[in-house]
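Here is the structure we will look at.
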Amino acid sequence: MGYKPRFANSFMAVMAGYLANFGIPRSGEVLRAATLSSYEKVPFEKAFGTIISERIADIVVMLAIMGFTLILQTEHLLTYFKANQINPLITIAILFLLLLAGVGGIWLIKRSNLPFLVKIRKMAQGLVEGMRSIFRMKQKWAFLFHTLFIWLMYILMFYVISFSVPEMAPPGAGMMLAAFVVGSLAISATNGGIGVYPVAIGAILVLFGISKQSGEAFGWLTWGTQTLLVLVLGALSFILLPVFNRKNN
């Protein structure tokens with residue numbers, strides 16, 4: 001868009017945003033855009049638009065990882081269904097009904113004039129437009145490459161930390177991806193996964209023959225290292241942002 005924010009401000013805006021998410025989920029995106037607007041004179045709506053594009057790309061990658069994980073874990077899922085006397089056909093039928101309900105909901109949103117549904121329609125149109133903008137940007141391939149690279153590094157972080165728990169070594173790809181998906185959902189649905197992340201990781205790893213204690217220990221190690229990094233760098237960013245920009249303005 002022609003703006004060239006300084007690296008230090010961009011980095012500190014991201015870290016401060018991560019820290020803000022521990023208080024109010026997803027508030028970090030707003031704070032990040034506001035920070036760039038204040039210190040780099042990037043219009044808020046434009047800064048926030050680029051962040052929306054990032055999040056849309058993240059959602060697409062996350063859904064792809066979830067789909068791939070489900071394919072890898074078909075055998076585990078069938079075993080789990082059998083052990084808990086769950087009929088897979090009933091599950092498929094429920095998913096099909098949910099899909100029909102979703103299609104019906106989309107049809108209703110497209111044609112309804114109710115103010116609430118009109119707002120939802122406009123929001124959905126904005127998200128679609130944001131997704132399309134990714135393929136119109138000048139550096140789209142660099143953007144897509146770095147998006148995939150970030151997610152790959154996140155998965156490899158899981159893999160490396162798993163070696164710190166003896167019961168989990170050597171970790172299988174399917175087990176790591178399943179834990180990764182559950183952990184990502186726990187973080188997205190809560191304030192940075194506080195209290196939920198280790199429990200969710202421990203619960204999914206039990207399906208792979210890992211004891212609850214070892215699974216939760218892995219969850220605490222993964223969550224704890226991430227959280228400590230965000231707390232330290234986020235707090236420093238809040239402190240240094242005004243100092244850095246006072247010296248450079």
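Residue numbers start at 1 in each chain; chains themselves are named A, B, ... in the order of the structure tokens; ligands are numbered from 1 in the order shown.
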Quick one: residues within 12 Å of Gly105 of chain A, only C-alpha atoms counted, chain neighbours fewer than 5 positions away excluded, as number ranges by chain? A: 98-100, 110-112, 117, 120-121
For those residues, write C-alpha atoms to a file as a short mmCIF file (atom, residue, chain, number, x, y, z; two decimals), in the first residue's frame.
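The file below, out21.cif, is the result:
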data_model
loop_
_atom_site.label_atom_id
_atom_site.label_comp_id
_atom_site.auth_asym_id
_atom_site.auth_seq_id
_atom_site.Cartn_x
_atom_site.Cartn_y
_atom_site.Cartn_z
CA LEU A 98 -25.36 -29.63 10.03
CA LEU A 99 -24.07 -28.99 6.50
CA LEU A 100 -27.65 -28.63 5.22
CA LYS A 110 -28.25 -13.69 1.56
CA ARG A 111 -31.94 -12.93 1.14
CA SER A 112 -33.04 -11.57 4.50
CA LEU A 117 -28.60 -10.69 9.32
CA ILE A 120 -23.65 -10.62 9.19
CA ARG A 121 -23.92 -10.53 5.38
#
Segment 138-179 of chain A: which residues are alpha helix (DSSP H) by DSSP, as a PyMOL selection string? chain A and resi 140-162+173-179
The selected residues should be written to file as a PDB file, in the first residue's frame (atoms: N, CA and C atoms).
ATOM      1  N   LYS A 140       2.183 -11.298  -3.279  1.00  0.00           N
ATOM      2  CA  LYS A 140       1.296 -12.369  -2.799  1.00  0.00           C
ATOM      3  C   LYS A 140       2.026 -13.681  -2.545  1.00  0.00           C
ATOM      4  N   TRP A 141       3.015 -14.012  -3.390  1.00  0.00           N
ATOM      5  CA  TRP A 141       3.711 -15.284  -3.196  1.00  0.00           C
ATOM      6  C   TRP A 141       4.595 -15.241  -1.955  1.00  0.00           C
ATOM      7  N   ALA A 142       5.201 -14.090  -1.698  1.00  0.00           N
ATOM      8  CA  ALA A 142       5.988 -13.938  -0.466  1.00  0.00           C
ATOM      9  C   ALA A 142       5.071 -14.035   0.749  1.00  0.00           C
ATOM     10  N   PHE A 143       3.895 -13.408   0.658  1.00  0.00           N
ATOM     11  CA  PHE A 143       2.915 -13.456   1.747  1.00  0.00           C
ATOM     12  C   PHE A 143       2.484 -14.900   2.026  1.00  0.00           C
ATOM     13  N   LEU A 144       2.149 -15.639   0.981  1.00  0.00           N
ATOM     14  CA  LEU A 144       1.709 -17.023   1.147  1.00  0.00           C
ATOM     15  C   LEU A 144       2.839 -17.908   1.662  1.00  0.00           C
ATOM     16  N   PHE A 145       4.058 -17.670   1.163  1.00  0.00           N
ATOM     17  CA  PHE A 145       5.210 -18.461   1.618  1.00  0.00           C
ATOM     18  C   PHE A 145       5.438 -18.257   3.113  1.00  0.00           C
ATOM     19  N   HIS A 146       5.442 -17.000   3.559  1.00  0.00           N
ATOM     20  CA  HIS A 146       5.708 -16.727   4.971  1.00  0.00           C
ATOM     21  C   HIS A 146       4.573 -17.220   5.864  1.00  0.00           C
ATOM     22  N   THR A 147       3.344 -17.191   5.354  1.00  0.00           N
ATOM     23  CA  THR A 147       2.221 -17.738   6.117  1.00  0.00           C
ATOM     24  C   THR A 147       2.435 -19.231   6.372  1.00  0.00           C
ATOM     25  N   LEU A 148       2.779 -19.970   5.321  1.00  0.00           N
ATOM     26  CA  LEU A 148       3.033 -21.412   5.463  1.00  0.00           C
ATOM     27  C   LEU A 148       4.262 -21.678   6.325  1.00  0.00           C
ATOM     28  N   PHE A 149       5.290 -20.826   6.167  1.00  0.00           N
ATOM     29  CA  PHE A 149       6.529 -20.998   6.937  1.00  0.00           C
ATOM     30  C   PHE A 149       6.267 -20.827   8.437  1.00  0.00           C
ATOM     31  N   ILE A 150       5.461 -19.820   8.798  1.00  0.00           N
ATOM     32  CA  ILE A 150       5.136 -19.583  10.205  1.00  0.00           C
ATOM     33  C   ILE A 150       4.436 -20.808  10.802  1.00  0.00           C
ATOM     34  N   TRP A 151       3.460 -21.359  10.090  1.00  0.00           N
ATOM     35  CA  TRP A 151       2.737 -22.531  10.594  1.00  0.00           C
ATOM     36  C   TRP A 151       3.642 -23.755  10.673  1.00  0.00           C
ATOM     37  N   LEU A 152       4.541 -23.901   9.711  1.00  0.00           N
ATOM     38  CA  LEU A 152       5.481 -25.023   9.751  1.00  0.00           C
ATOM     39  C   LEU A 152       6.371 -24.926  10.983  1.00  0.00           C
ATOM     40  N   MET A 153       6.860 -23.730  11.285  1.00  0.00           N
ATOM     41  CA  MET A 153       7.715 -23.544  12.456  1.00  0.00           C
ATOM     42  C   MET A 153       6.942 -23.823  13.743  1.00  0.00           C
ATOM     43  N   TYR A 154       5.664 -23.464  13.750  1.00  0.00           N
ATOM     44  CA  TYR A 154       4.833 -23.723  14.928  1.00  0.00           C
ATOM     45  C   TYR A 154       4.695 -25.233  15.159  1.00  0.00           C
ATOM     46  N   ILE A 155       4.460 -25.973  14.085  1.00  0.00           N
ATOM     47  CA  ILE A 155       4.348 -27.435  14.206  1.00  0.00           C
ATOM     48  C   ILE A 155       5.678 -28.045  14.640  1.00  0.00           C
ATOM     49  N   LEU A 156       6.782 -27.560  14.074  1.00  0.00           N
ATOM     50  CA  LEU A 156       8.101 -28.078  14.453  1.00  0.00           C
ATOM     51  C   LEU A 156       8.436 -27.766  15.910  1.00  0.00           C
ATOM     52  N   MET A 157       7.906 -26.648  16.427  1.00  0.00           N
ATOM     53  CA  MET A 157       8.084 -26.337  17.839  1.00  0.00           C
ATOM     54  C   MET A 157       7.461 -27.443  18.699  1.00  0.00           C
ATOM     55  N   PHE A 158       6.254 -27.879  18.322  1.00  0.00           N
ATOM     56  CA  PHE A 158       5.610 -28.996  19.011  1.00  0.00           C
ATOM     57  C   PHE A 158       6.501 -30.230  18.978  1.00  0.00           C
ATOM     58  N   TYR A 159       7.033 -30.515  17.800  1.00  0.00           N
ATOM     59  CA  TYR A 159       7.857 -31.710  17.612  1.00  0.00           C
ATOM     60  C   TYR A 159       9.091 -31.681  18.506  1.00  0.00           C
ATOM     61  N   VAL A 160       9.769 -30.544  18.549  1.00  0.00           N
ATOM     62  CA  VAL A 160      11.000 -30.429  19.343  1.00  0.00           C
ATOM     63  C   VAL A 160      10.702 -30.556  20.835  1.00  0.00           C
ATOM     64  N   ILE A 161       9.654 -29.871  21.312  1.00  0.00           N
ATOM     65  CA  ILE A 161       9.330 -29.907  22.739  1.00  0.00           C
ATOM     66  C   ILE A 161       8.909 -31.304  23.182  1.00  0.00           C
ATOM     67  N   SER A 162       8.332 -32.091  22.278  1.00  0.00           N
ATOM     68  CA  SER A 162       7.873 -33.440  22.645  1.00  0.00           C
ATOM     69  C   SER A 162       9.010 -34.321  23.131  1.00  0.00           C
ATOM     70  N   ALA A 173       3.909 -38.372  13.586  1.00  0.00           N
ATOM     71  CA  ALA A 173       3.385 -37.180  12.902  1.00  0.00           C
ATOM     72  C   ALA A 173       1.911 -36.975  13.202  1.00  0.00           C
ATOM     73  N   GLY A 174       1.138 -38.074  13.176  1.00  0.00           N
ATOM     74  CA  GLY A 174      -0.296 -37.968  13.435  1.00  0.00           C
ATOM     75  C   GLY A 174      -0.587 -37.476  14.832  1.00  0.00           C
ATOM     76  N   MET A 175       0.161 -37.991  15.806  1.00  0.00           N
ATOM     77  CA  MET A 175      -0.036 -37.587  17.197  1.00  0.00           C
ATOM     78  C   MET A 175       0.286 -36.106  17.377  1.00  0.00           C
ATOM     79  N   MET A 176       1.396 -35.648  16.768  1.00  0.00           N
ATOM     80  CA  MET A 176       1.796 -34.251  16.890  1.00  0.00           C
ATOM     81  C   MET A 176       0.773 -33.318  16.248  1.00  0.00           C
ATOM     82  N   LEU A 177       0.281 -33.700  15.082  1.00  0.00           N
ATOM     83  CA  LEU A 177      -0.695 -32.856  14.394  1.00  0.00           C
ATOM     84  C   LEU A 177      -2.008 -32.781  15.173  1.00  0.00           C
ATOM     85  N   ALA A 178      -2.432 -33.913  15.744  1.00  0.00           N
ATOM     86  CA  ALA A 178      -3.661 -33.919  16.535  1.00  0.00           C
ATOM     87  C   ALA A 178      -3.527 -32.996  17.745  1.00  0.00           C
ATOM     88  N   ALA A 179      -2.391 -33.094  18.447  1.00  0.00           N
ATOM     89  CA  ALA A 179      -2.145 -32.230  19.605  1.00  0.00           C
ATOM     90  C   ALA A 179      -2.065 -30.774  19.178  1.00  0.00           C
TER      91      ALA A 179
END
What are the nearest atom pairs, with distances in Å to one decimal, for all residues of segment 9-72 of chain A that come at most 7 Å from segment 191-204 of chain A, using only C-alpha atoms, set out by chain and rising residue number as a Markdown table?
| residue | atom | partner | partner_atom | distance |
| --- | --- | --- | --- | --- |
| A:Asn21 | CA | A:Asn191 | CA | 6.1 |
| A:Phe22 | CA | A:Asn191 | CA | 4.6 |
| A:Gly23 | CA | A:Asn191 | CA | 6.3 |
| A:Ile24 | CA | A:Asn191 | CA | 6.5 |
| A:Pro25 | CA | A:Asn191 | CA | 5.2 |
For the residues in the current selection, export N, CA and C atoms as a tab-separated table (two decimals), in the first residue's frame.
chain	number	residue	atom	x	y	z
A	21	ASN	N	-4.12	-10.07	24.00
A	21	ASN	CA	-5.05	-11.19	23.80
A	21	ASN	C	-5.25	-12.01	25.07
A	22	PHE	N	-4.29	-11.93	26.01
A	22	PHE	CA	-4.46	-12.64	27.28
A	22	PHE	C	-5.57	-12.00	28.12
A	23	GLY	N	-5.81	-10.70	27.89
A	23	GLY	CA	-6.86	-10.02	28.63
A	23	GLY	C	-8.21	-10.15	27.93
A	24	ILE	N	-8.27	-9.70	26.68
A	24	ILE	CA	-9.50	-9.80	25.89
A	24	ILE	C	-9.16	-10.50	24.59
A	25	PRO	N	-9.72	-11.69	24.35
A	25	PRO	CA	-9.41	-12.43	23.11
A	25	PRO	C	-9.62	-11.59	21.86
All residues 10 Å or closer to Tyr3 of chain A, only C-alpha atoms, same chain fewer than 6 positions away omitted, as a list in words: Glu40, Lys41, Val42, Pro43 and Ala47 of chain A
Written selection (C-alpha atoms) as a compact mmCIF listing (two decimals), in the first residue's frame:
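Contents of the output file selection-v7.txt:
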# COMPACT_ATOMS: atom_id res chain seq x y z
CA GLU A 40 3.79 4.91 11.67
CA LYS A 41 0.86 7.06 10.43
CA VAL A 42 -0.75 4.09 8.67
CA PRO A 43 -4.53 4.70 8.52
CA ALA A 47 -3.69 -1.48 8.89
Distance of atom CA of Phe244 of chain A from atom CA of Met12 of chain A, expressed in Å to one decimal place: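 So the answer is 10.3 Å.
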Which of these residues is nearest to Gly183 of chain A, using only C-alpha atoms: A:Val243, A:Met62, A:Lys119, A:Pro170? A:Met62
Compare A:Ile239, A:Leu114, A:Leu36, A:Leu231 by their minimum atom-to-atom distance to Phe11 of chain A, counting only C-alpha atoms, and give me the closest one. A:Leu36
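The nearest approach to Val14 of chain A among the residues A:Gln139, A:Leu31, A:Arg55, A:Arg26, with only C-alpha atoms taken into account, belongs to A:Leu31.
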